[in-house]
$ cat entry.cif   # mmCIF, C-alpha atoms, pLDDT in the B column; chains and numbers go by the auth columns
data_my_file
#
loop_
_atom_site.group_PDB
_atom_site.id
_atom_site.type_symbol
_atom_site.label_atom_id
_atom_site.label_comp_id
_atom_site.label_asym_id
_atom_site.label_seq_id
_atom_site.Cartn_x
_atom_site.Cartn_y
_atom_site.Cartn_z
_atom_site.B_iso_or_equiv
_atom_site.auth_seq_id
_atom_site.auth_asym_id
ATOM 1 C CA MET A 1 104.424 168.949 85.892 44.00 1 C
ATOM 2 C CA ALA A 2 107.159 167.069 87.765 59.00 2 C
ATOM 3 C CA ASN A 3 107.524 163.342 87.380 78.00 3 C
ATOM 4 C CA HIS A 4 104.067 161.755 87.643 84.00 4 C
ATOM 5 C CA HIS A 5 105.270 159.634 90.589 84.00 5 C
ATOM 6 C CA SER A 6 105.346 162.839 92.636 83.00 6 C
ATOM 7 C CA LEU A 7 101.590 163.326 92.219 88.00 7 C
ATOM 8 C CA LYS A 8 99.487 162.270 95.202 94.00 8 C
ATOM 9 C CA ALA A 9 96.804 161.124 92.708 94.00 9 C
ATOM 10 C CA TRP A 10 99.290 158.710 91.113 94.00 10 C
ATOM 11 C CA THR A 11 100.423 157.453 94.541 96.00 11 C
ATOM 12 C CA GLU A 12 96.827 156.717 95.554 96.00 12 C
ATOM 13 C CA ALA A 13 96.065 155.097 92.184 97.00 13 C
ATOM 14 C CA HIS A 14 99.151 152.920 92.588 97.00 14 C
ATOM 15 C CA ALA A 15 97.956 151.882 96.064 97.00 15 C
ATOM 16 C CA VAL A 16 94.613 150.871 94.520 97.00 16 C
ATOM 17 C CA VAL A 17 96.357 148.699 91.903 97.00 17 C
ATOM 18 C CA ILE A 18 98.480 147.004 94.568 97.00 18 C
ATOM 19 C CA GLY A 19 95.359 146.380 96.684 97.00 19 C
ATOM 20 C CA VAL A 20 93.418 145.052 93.704 97.00 20 C
ATOM 21 C CA LEU A 21 96.203 142.611 92.843 97.00 21 C
ATOM 22 C CA GLU A 22 96.329 141.491 96.470 96.00 22 C
ATOM 23 C CA ALA A 23 92.533 141.088 96.572 96.00 23 C
ATOM 24 C CA SER A 24 92.600 139.127 93.324 96.00 24 C
ATOM 25 C CA ARG A 25 95.276 136.803 94.684 96.00 25 C
ATOM 26 C CA GLU A 26 93.559 136.265 98.038 95.00 26 C
ATOM 27 C CA HIS A 27 89.818 136.428 97.265 95.00 27 C
ATOM 28 C CA TRP A 28 89.328 135.402 93.629 94.00 28 C
ATOM 29 C CA LYS A 29 86.307 133.168 93.074 93.00 29 C
ATOM 30 C CA PRO A 30 85.208 131.719 89.733 95.00 30 C
ATOM 31 C CA TRP A 31 81.774 133.346 89.915 94.00 31 C
ATOM 32 C CA ALA A 32 83.386 136.759 90.550 94.00 32 C
ATOM 33 C CA SER A 33 86.077 136.463 87.871 95.00 33 C
ATOM 34 C CA ALA A 34 84.458 139.035 85.564 96.00 34 C
ATOM 35 C CA ALA A 35 84.371 141.613 88.370 97.00 35 C
ATOM 36 C CA PHE A 36 87.989 140.934 89.328 97.00 36 C
ATOM 37 C CA GLY A 37 89.138 141.122 85.706 97.00 37 C
ATOM 38 C CA GLN A 38 87.354 144.420 85.121 98.00 38 C
ATOM 39 C CA LEU A 39 88.606 145.769 88.454 98.00 39 C
ATOM 40 C CA GLN A 40 92.188 144.985 87.447 98.00 40 C
ATOM 41 C CA ARG A 41 91.756 146.772 84.090 98.00 41 C
ATOM 42 C CA SER A 42 89.989 149.822 85.509 98.00 42 C
ATOM 43 C CA SER A 43 92.454 150.299 88.381 98.00 43 C
ATOM 44 C CA LEU A 44 95.425 150.006 86.019 98.00 44 C
ATOM 45 C CA SER A 45 93.760 152.543 83.740 98.00 45 C
ATOM 46 C CA ILE A 46 93.753 155.127 86.532 98.00 46 C
ATOM 47 C CA GLN A 47 97.463 154.824 87.261 97.00 47 C
ATOM 48 C CA LEU A 48 98.537 154.533 83.625 97.00 48 C
ATOM 49 C CA ASN A 49 96.447 157.439 82.357 96.00 49 C
ATOM 50 C CA ILE A 50 97.889 159.693 85.061 95.00 50 C
ATOM 51 C CA ALA A 51 101.349 158.587 83.931 94.00 51 C
ATOM 52 C CA GLU A 52 100.577 159.109 80.251 93.00 52 C
ATOM 53 C CA GLY A 53 99.012 162.502 80.908 91.00 53 C
ATOM 54 C CA GLY A 54 102.244 163.507 82.613 86.00 54 C
ATOM 55 C CA ALA A 55 103.991 163.311 79.257 87.00 55 C
ATOM 56 C CA PHE A 56 101.852 166.207 77.983 88.00 56 C
ATOM 57 C CA PRO A 57 102.177 169.121 80.407 82.00 57 C
ATOM 58 C CA ASN A 58 99.991 172.152 79.733 81.00 58 C
ATOM 59 C CA SER A 59 98.130 170.353 76.978 87.00 59 C
ATOM 60 C CA PRO A 60 94.547 169.317 76.213 91.00 60 C
ATOM 61 C CA THR A 61 95.945 165.783 75.876 92.00 61 C
ATOM 62 C CA ARG A 62 96.885 165.865 79.570 92.00 62 C
ATOM 63 C CA THR A 63 93.355 166.904 80.488 93.00 63 C
ATOM 64 C CA ARG A 64 91.968 164.106 78.302 95.00 64 C
ATOM 65 C CA HIS A 65 94.111 161.485 80.081 95.00 65 C
ATOM 66 C CA LEU A 66 93.177 162.848 83.500 95.00 66 C
ATOM 67 C CA SER A 67 89.496 162.684 82.470 96.00 67 C
ATOM 68 C CA ILE A 68 89.911 159.060 81.401 97.00 68 C
ATOM 69 C CA ALA A 69 91.661 158.322 84.705 97.00 69 C
ATOM 70 C CA HIS A 70 88.728 159.924 86.551 97.00 70 C
ATOM 71 C CA GLY A 71 86.223 157.764 84.666 97.00 71 C
ATOM 72 C CA SER A 72 88.264 154.674 85.458 98.00 72 C
ATOM 73 C CA ALA A 73 88.450 155.730 89.116 98.00 73 C
ATOM 74 C CA MET A 74 84.649 155.960 89.233 98.00 74 C
ATOM 75 C CA GLU A 75 84.390 152.502 87.658 98.00 75 C
ATOM 76 C CA THR A 76 86.937 151.096 90.100 98.00 76 C
ATOM 77 C CA ALA A 77 85.073 152.551 93.079 97.00 77 C
ATOM 78 C CA ASP A 78 81.829 150.980 91.864 97.00 78 C
ATOM 79 C CA LEU A 79 83.497 147.585 91.496 97.00 79 C
ATOM 80 C CA VAL A 80 85.127 147.859 94.929 97.00 80 C
ATOM 81 C CA ASP A 81 81.720 148.689 96.426 97.00 81 C
ATOM 82 C CA LEU A 82 80.201 145.677 94.625 96.00 82 C
ATOM 83 C CA LEU A 83 82.847 143.275 95.920 96.00 83 C
ATOM 84 C CA ILE A 84 82.459 144.647 99.454 96.00 84 C
ATOM 85 C CA GLU A 85 78.660 144.517 99.278 96.00 85 C
ATOM 86 C CA THR A 86 78.729 140.883 98.116 95.00 86 C
ATOM 87 C CA ARG A 87 81.300 140.065 100.821 95.00 87 C
ATOM 88 C CA VAL A 88 83.861 138.836 98.308 95.00 88 C
ATOM 89 C CA VAL A 89 86.418 141.226 99.829 95.00 89 C
ATOM 90 C CA SER A 90 86.212 142.293 103.461 93.00 90 C
ATOM 91 C CA GLY A 91 88.203 143.436 106.442 94.00 91 C
ATOM 92 C CA ARG A 92 91.383 145.494 106.289 95.00 92 C
ATOM 93 C CA LEU A 93 91.875 145.004 102.562 94.00 93 C
ATOM 94 C CA ALA A 94 88.338 146.174 101.770 94.00 94 C
ATOM 95 C CA ASP A 95 88.791 149.238 103.970 95.00 95 C
ATOM 96 C CA GLU A 96 92.112 150.132 102.315 96.00 96 C
ATOM 97 C CA LEU A 97 90.742 149.622 98.795 96.00 97 C
ATOM 98 C CA LYS A 98 87.755 151.828 99.564 96.00 98 C
ATOM 99 C CA LEU A 99 89.904 154.549 101.149 97.00 99 C
ATOM 100 C CA HIS A 100 92.464 154.705 98.320 97.00 100 C
ATOM 101 C CA SER A 101 89.794 154.430 95.655 96.00 101 C
ATOM 102 C CA ASP A 102 87.732 157.308 97.074 97.00 102 C
ATOM 103 C CA LEU A 103 90.818 159.450 97.572 97.00 103 C
ATOM 104 C CA SER A 104 91.919 158.828 93.967 96.00 104 C
ATOM 105 C CA ILE A 105 88.609 160.230 92.740 97.00 105 C
ATOM 106 C CA LYS A 106 88.902 163.355 94.896 96.00 106 C
ATOM 107 C CA LEU A 107 92.488 164.001 93.846 96.00 107 C
ATOM 108 C CA LEU A 108 91.695 163.573 90.160 96.00 108 C
ATOM 109 C CA ILE A 109 88.792 165.995 90.474 95.00 109 C
ATOM 110 C CA GLY A 110 91.227 168.466 92.038 93.00 110 C
ATOM 111 C CA LEU A 111 93.707 168.021 89.184 91.00 111 C
ATOM 112 C CA LEU A 112 90.973 168.498 86.614 92.00 112 C
ATOM 113 C CA LYS A 113 89.671 171.642 88.335 90.00 113 C
ATOM 114 C CA LYS A 114 93.178 173.128 88.342 84.00 114 C
ATOM 115 C CA ARG A 115 93.366 172.904 84.559 72.00 115 C
ATOM 116 C CA ARG A 116 93.171 176.285 82.922 50.00 116 C
ATOM 117 C CA PRO A 117 92.564 177.018 79.273 46.00 117 C
ATOM 118 C CA LEU A 118 95.789 177.315 77.333 40.00 118 C
ATOM 119 C CA THR A 119 96.798 180.869 76.613 40.00 119 C
ATOM 120 C CA VAL A 120 97.839 181.575 73.072 41.00 120 C
ATOM 121 C CA PRO A 121 100.690 184.083 72.738 48.00 121 C
ATOM 122 C CA SER A 122 99.741 187.220 70.790 47.00 122 C
#
$ encode --input "entry.cif" --output "structure tokens"
Amino acid sequence: MANHHSLKAWTEAHAVVIGVLEASREHWKPWASAAFGQLQRSSLSIQLNIAEGGAFPNSPTRTRHLSIAHGSAMETADLVDLLIETRVVSGRLADELKLHSDLSIKLLIGLLKKRRPLTVPS
């Protein structure tokens, strides 16, 4: 695998992190602090697990990190939906977070489906 920055999944995950930090700065409320804190952790987990998985090409460890990133992407999407539903985050920022979050999930699923079992030389 080339540098992880070249992966569209990483690019989308990075866009989610940037959006989450922007949302936290602009829309943080004391009663929603737990959701914002968890959203920051889960979105970072997506980007960082893609990066860490990139250090293990053609390895079960890579698949494990991509699986963790996928789980974190699902968690992030749920939290984004919650903050939109409760009108904590709205407008352009909400739309961008939702778009990048959903795309991250799809791209990670694609990366995981592309994984093939390792072939052992005879």
$ resolve_selection --input "entry.cif" --expression "the PyMOL selection byres ((chain C and resi 81) around 12)" --output "ChimeraX atom specification"
/C:35,39,74-80,82-90,94-95,97-99,101-102
$ closest_residue --input "entry.cif" --among "C:His100, C:Lys113, C:Lys106, C:Arg92" --to "Val16 in chain C" --atoms "all atoms listed in the file"
C:His100
$ resolve_selection --input "entry.cif" --expression "the PyMOL selection byres ((chain C and resi 10) around 9)" --output "VMD selection string"
chain C and resid 4 to 9 11 to 15 46 to 48 50 to 51 104
$ residues_around --input "entry.cif" --residues "range 60-71 of chain C" --least-positions-apart "3" --cutoff "7 Å" --atoms "all atoms listed in the file" --output "ChimeraX atom specification"
/C:45-46,49-50,52-54,56-57,74-75,105,108,112
$ write_last_selection --input "entry.cif" --atoms "C-alpha atoms" --output "JSON list (two decimals), keeping the file's coordinate frame"
[["chain", "number", "residue", "atom", "x", "y", "z"],
["C", 45, "SER", "CA", 93.76, 152.54, 83.74],
["C", 46, "ILE", "CA", 93.75, 155.13, 86.53],
["C", 49, "ASN", "CA", 96.45, 157.44, 82.36],
["C", 50, "ILE", "CA", 97.89, 159.69, 85.06],
["C", 52, "GLU", "CA", 100.58, 159.11, 80.25],
["C", 53, "GLY", "CA", 99.01, 162.50, 80.91],
["C", 54, "GLY", "CA", 102.24, 163.51, 82.61],
["C", 56, "PHE", "CA", 101.85, 166.21, 77.98],
["C", 57, "PRO", "CA", 102.18, 169.12, 80.41],
["C", 74, "MET", "CA", 84.65, 155.96, 89.23],
["C", 75, "GLU", "CA", 84.39, 152.50, 87.66],
["C", 105, "ILE", "CA", 88.61, 160.23, 92.74],
["C", 108, "LEU", "CA", 91.70, 163.57, 90.16],
["C", 112, "LEU", "CA", 90.97, 168.50, 86.61]]
$ axis_aligned_box --input "entry.cif" --around "range 64-79 of chain C" --padding-each-side "8 Å" --output "lines of an AutoDock Vina configuration file"
center_x = 88.0
center_y = 155.8
center_z = 85.7
size_x = 28.3
size_y = 32.5
size_z = 30.8
$ resolve_selection --input "entry.cif" --expression "the PyMOL selection byres ((chain C and resi 26) around 12)" --output "PyMOL selection string"
chain C and resi 19-25+27-29+36+88-90+93-94
$ atom_distance --input "entry.cif" --atom1 "CA of Leu44 in chain C" --atom2 "CA of Ala73 in chain C"
9.5 Å
$ atom_distance --input "entry.cif" --atom1 "CA of Leu107 in chain C" --atom2 "CA of Gly37 in chain C"
24.5 Å
$ atom_distance --input "entry.cif" --atom1 "CA of Ile18 in chain C" --atom2 "CA of Ser43 in chain C"
9.2 Å
$ build_atoms --input "entry.cif" --residues "range 59-70 of chain C" --atoms "all heavy atoms" --output "compact mmCIF listing (two decimals), keeping the file's coordinate frame"
# COMPACT_ATOMS: atom_id res chain seq x y z
N SER C 59 98.67 170.79 78.27
CA SER C 59 98.13 170.35 76.98
C SER C 59 96.72 169.79 77.16
O SER C 59 96.42 169.19 78.18
CB SER C 59 99.05 169.27 76.41
OG SER C 59 98.42 168.53 75.40
N PRO C 60 95.87 169.95 76.15
CA PRO C 60 94.55 169.32 76.21
C PRO C 60 94.66 167.79 76.31
O PRO C 60 93.78 167.13 76.86
CB PRO C 60 93.88 169.73 74.91
CG PRO C 60 94.59 170.96 74.46
CD PRO C 60 96.00 170.82 74.97
N THR C 61 95.74 167.23 75.80
CA THR C 61 95.94 165.78 75.88
C THR C 61 96.09 165.35 77.33
O THR C 61 95.59 164.29 77.73
CB THR C 61 97.18 165.37 75.06
OG1 THR C 61 96.99 165.82 73.71
CG2 THR C 61 97.37 163.87 75.05
N ARG C 62 96.76 166.17 78.14
CA ARG C 62 96.88 165.86 79.57
C ARG C 62 95.51 165.84 80.23
O ARG C 62 95.18 164.92 80.97
CB ARG C 62 97.77 166.89 80.27
CG ARG C 62 97.88 166.63 81.76
CD ARG C 62 98.87 167.58 82.42
NE ARG C 62 98.97 167.28 83.83
CZ ARG C 62 98.52 168.07 84.79
NH1 ARG C 62 97.96 169.22 84.50
NH2 ARG C 62 98.63 167.72 86.04
N THR C 63 94.71 166.84 79.92
CA THR C 63 93.36 166.90 80.49
C THR C 63 92.54 165.68 80.06
O THR C 63 91.80 165.11 80.86
CB THR C 63 92.66 168.20 80.05
OG1 THR C 63 93.46 169.30 80.48
CG2 THR C 63 91.27 168.31 80.67
N ARG C 64 92.69 165.29 78.81
CA ARG C 64 91.97 164.11 78.30
C ARG C 64 92.36 162.86 79.10
O ARG C 64 91.50 162.07 79.52
CB ARG C 64 92.26 163.91 76.82
CG ARG C 64 91.57 162.72 76.22
CD ARG C 64 91.82 162.65 74.70
NE ARG C 64 91.31 161.43 74.17
CZ ARG C 64 92.02 160.31 74.06
NH1 ARG C 64 93.29 160.29 74.43
NH2 ARG C 64 91.48 159.21 73.58
N HIS C 65 93.66 162.66 79.33
CA HIS C 65 94.11 161.49 80.08
C HIS C 65 93.65 161.54 81.54
O HIS C 65 93.29 160.51 82.11
CB HIS C 65 95.63 161.33 79.99
CG HIS C 65 96.06 160.75 78.68
ND1 HIS C 65 95.88 159.44 78.34
CD2 HIS C 65 96.66 161.33 77.62
CE1 HIS C 65 96.34 159.22 77.13
NE2 HIS C 65 96.82 160.37 76.66
N LEU C 66 93.67 162.72 82.13
CA LEU C 66 93.18 162.85 83.50
C LEU C 66 91.68 162.57 83.57
O LEU C 66 91.18 161.98 84.53
CB LEU C 66 93.49 164.23 84.07
CG LEU C 66 94.97 164.52 84.34
CD1 LEU C 66 95.15 165.96 84.82
CD2 LEU C 66 95.55 163.54 85.35
N SER C 67 90.94 162.97 82.53
CA SER C 67 89.50 162.68 82.47
C SER C 67 89.24 161.19 82.34
O SER C 67 88.32 160.65 82.98
CB SER C 67 88.86 163.42 81.30
OG SER C 67 88.93 164.81 81.49
N ILE C 68 90.04 160.52 81.53
CA ILE C 68 89.91 159.06 81.40
C ILE C 68 90.24 158.40 82.73
O ILE C 68 89.54 157.47 83.17
CB ILE C 68 90.81 158.53 80.27
CG1 ILE C 68 90.30 159.02 78.92
CG2 ILE C 68 90.88 157.00 80.30
CD1 ILE C 68 91.27 158.80 77.77
N ALA C 69 91.30 158.87 83.39
CA ALA C 69 91.66 158.32 84.70
C ALA C 69 90.52 158.50 85.70
O ALA C 69 90.22 157.59 86.48
CB ALA C 69 92.94 159.00 85.23
N HIS C 70 89.86 159.67 85.65
CA HIS C 70 88.73 159.92 86.55
C HIS C 70 87.59 158.94 86.28
O HIS C 70 87.00 158.38 87.21
CB HIS C 70 88.25 161.37 86.42
CG HIS C 70 87.06 161.66 87.26
ND1 HIS C 70 85.79 161.75 86.75
CD2 HIS C 70 86.94 161.85 88.60
CE1 HIS C 70 84.95 161.99 87.73
NE2 HIS C 70 85.62 162.06 88.86
